[in-house]
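Q: The structure under discussion is supplied below as structure tokens; questions concerning it will follow.
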Amino acid sequence: MLFERCLNTLYRSKVYDLYLGRHLPPSITSSAFDHTLSAQTLCFAEGLNLTKNHLESARAGHFRTLPIMTNNVSETNRTLAAWFTSHDRFDPETWRTDIVGERLTRWINAFPIIGPTMKIQMSALWLMQIRRHARHLNHASTSNISGWQRFLYHQGRVISALAVDGFSATLPDRLRAFGDDVDQQILGDGGHVSRSPAIALAVFALLIEIRDALIARHIEAPSGLISAIDRMAPWIRGMRHGDGGFALINGATSSTGNLIDDVLSASGSRGRAMSEAPHSGFYRMRSGQTTILFDSGRTGSTHDAQRAPASFELSVGKQRIFSNCGTRLGQDKGAAAWGDVLRATAAYSTLIIDDKNIGAINDVQASRRDHDGARLIESTHDGYQGAFGIQHQRSIYLDTTGTDIRGEDQLKDGRSKSFSIRFHLHPGVNASMVEGGGEVIIKPSKGRGWRFQSDHPIMLDESVSFHDGRQHRTQQIVILGNHEPSQSIVKWRMFSG
């Protein structure tokens, strides 16, 4: 923190302002790619409302984008002039490293289109600011931004080296630094270290845009970049349900199906959906029309605020059945409170002991096996070891037709504690208890009905879903039990027909 404060003091100084200079680059060349995909994916990665929070961020002084959708040159001139007047010199928020990188990329792409339509004085002022931003990124600190946001910084540096006269000599060093982050953040299975599908999609879009910008200049893209894109495409595909949207894991929503399609199309990759991603800790089973996406809870990432080991989601065709509660988009007054609720272990379809959140996870084991068309996932974690001395083991079996799902949850060792196993239902699904208890009838809005049974007491309870970022009422199936050392075993089954 002391180092960051010292840097900010330096950046605010007249000496640094003189270093950035007031000179004009001879010219700016467009980066020759459509940057709207990354602009959209960034909204979801940051948990923002697409239209209100991100694309109008100029009002907050960030000025990440330009109001050019209206083709109103006068409005663009006024907005630019106002921003330059208020934010001409360094400020820790509006000149935050990732924002500068993103803003510079957008400006470089917009200038060759809009600049020629402007008055000479305004065009020159804009060119000068582009050069100042490009020089600042030579020395900007990345200690104040999260790991994945470094790719916005890298994009601004690479694009300015390609497009702004006088910066081409810096390209090799900038590509090396970019490659280091690609190697560190993109895992061997194609997942991002954050374990967040929304963040992975944003990073994926940024990598594609940097690749395309290099190719447009007839510069061979680094092999590490190409390899990362080829690994990420199957991972992105593997984290989707039949409706095209992501599983509701680590900030992802279900409403991005078309956007995912567009980014995958831009990647040019044809890799099939992954079935297992052991480095990031996700597994996918599919039989018939049934898809199960399983989170082993593997940690070690920089985005572990949501810990729900052994949670899973289930869909049939385009209909989601079991789900997690999702994430609330937006940054209004209720965002923080809902964020705490939706990060709780109880907001996921998994086991909860004594109504307590999962603690530190030091050991996770998971594997997937296929045999004659049937699928099986087995996992173990120690997230309740510290608090209660209890280990949780879960197995989920999917038959060859996709119409019979069987699960087993085991609690081993530790102290006597109550537990619940939650299965959150998607809002498009209705459920009712069979008279006498012990069984739940599940009725999706489309498709076949299902029966859910367990050898332990079952109840239906209210739940909430933010599958699309907005609040919806729904239900959850809850299995209740009490663990008595040394082992408790709960069996459950969902089947159709």
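In the structure tokens, chains take the letters A, B, ... in the order shown, each chain's residues start at 1, and ligands count up from 1 in the order shown.
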Name all residues at most 6 Å from stretch 12-29 of chain A (count only C-alpha atoms; drop same-chain ones fewer than 5 positions away) and give them as an mmCIF file with C-alpha atoms, in the first residue's frame.

A:
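Generated output (selection_1.cif):
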data_model
loop_
_atom_site.group_PDB
_atom_site.id
_atom_site.type_symbol
_atom_site.label_atom_id
_atom_site.label_comp_id
_atom_site.auth_asym_id
_atom_site.auth_seq_id
_atom_site.Cartn_x
_atom_site.Cartn_y
_atom_site.Cartn_z
ATOM 1 C CA PHE A 90 -3.580 11.332 -13.396
ATOM 2 C CA LEU A 127 -4.476 12.507 -30.384
ATOM 3 C CA MET A 128 -2.421 14.074 -27.615
ATOM 4 C CA ARG A 132 -0.241 10.372 -23.025
ATOM 5 C CA ALA A 163 -1.271 1.600 -33.931
ATOM 6 C CA VAL A 164 0.495 4.673 -32.528
ATOM 7 C CA ASP A 165 3.558 5.997 -34.331
#

Q: Run DSSP on the backbone and grab whatever in stretch 315-464 of chain A lands in alpha helix (DSSP H); send it over as a list in words.

A: Ala335, Ala336, Ala337, Trp338, Gly339, Asp340, Val341, Leu342, Arg343, Gln385, Gly386, Ala387 and Phe388 of chain A

Q: So which residues touch stretch 356-370 of chain A within 10 Å, counting only C-alpha atoms, skipping near sequence neighbours fewer than 4 positions away, as a ChimeraX atom specification?

A: /A:275-278,281-285,294-300,306-310,343-347,351-352,374-387,393-400,419

Q: Go through stretch 180-358 of chain A and collect every residue that DSSP, computed from the backbone, puts in strand (DSSP E or B); the answer should be as a VMD selection string.

A: chain A and resid 186 192 240 246 276 to 277 282 to 287 290 to 295 311 to 316 319 to 323 326 351 to 353

Q: Quick one: distance from atom CA of A:Ser86 to atom CA of A:Gln331 in Å, one decimal?

A: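 Atom CA of A:Ser86 sits 23.8 Å away from atom CA of A:Gln331.
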
Q: Give me, as a PDB file with C-alpha atoms, in the first residue's frame, all polymer residues having an atom no more than 9 Å from A:Thr105, counting only C-alpha atoms and skipping those fewer than 4 positions away in the same chain.

A:
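Generated output (result-v2.pdb):
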ATOM      1  CA  SER A  31      -6.585  -1.983 -34.899  1.00  0.00           C
ATOM      2  CA  HIS A  35     -14.106  -4.634 -30.062  1.00  0.00           C
ATOM      3  CA  VAL A 100      -6.572   3.237 -18.986  1.00  0.00           C
ATOM      4  CA  GLY A 101      -5.783   0.099 -20.993  1.00  0.00           C
ATOM      5  CA  ASN A 109     -10.190   2.030 -32.684  1.00  0.00           C
ATOM      6  CA  ALA A 110     -12.554   4.995 -32.736  1.00  0.00           C
ATOM      7  CA  LEU A 152      -6.974  -4.970 -20.334  1.00  0.00           C
ATOM      8  CA  GLN A 155      -4.367  -5.073 -24.667  1.00  0.00           C
ATOM      9  CA  GLY A 156      -3.888  -1.309 -24.355  1.00  0.00           C
ATOM     10  CA  ARG A 157      -0.105  -1.733 -24.491  1.00  0.00           C
ATOM     11  CA  ILE A 159      -2.685  -2.148 -29.459  1.00  0.00           C
ATOM     12  CA  SER A 160      -0.879   1.186 -28.901  1.00  0.00           C
TER      13      SER A 160
END

Q: With a cut-off of 6 Å, could you pull out the residues of stretch 111-215 of chain A touching stretch 242-252 of chain A and give me the nearest pair of atoms for each, distance in Å to one decimal, using only C-alpha atoms, ordered by chain and ascending number, as a Markdown table?

A:
| residue | atom | partner | partner_atom | distance |
| --- | --- | --- | --- | --- |
| A:Ser196 | CA | A:Asn250 | CA | 4.9 |
| A:Pro197 | CA | A:Ala252 | CA | 5.9 |
| A:Ala198 | CA | A:Ala252 | CA | 5.0 |

Q: What does the distance between atom CA of A:Trp126 and atom CA of A:Ala213 come to in Å, to one decimal place?

A: 21.8 Å

Q: Which polymer residues have any atom within 10 Å of an atom of A:Pro92, counting only C-alpha atoms, with same-chain residues fewer than 5 positions away left out, as a ChimeraX atom specification?

A: /A:4-5,7-9,11-12,97,144
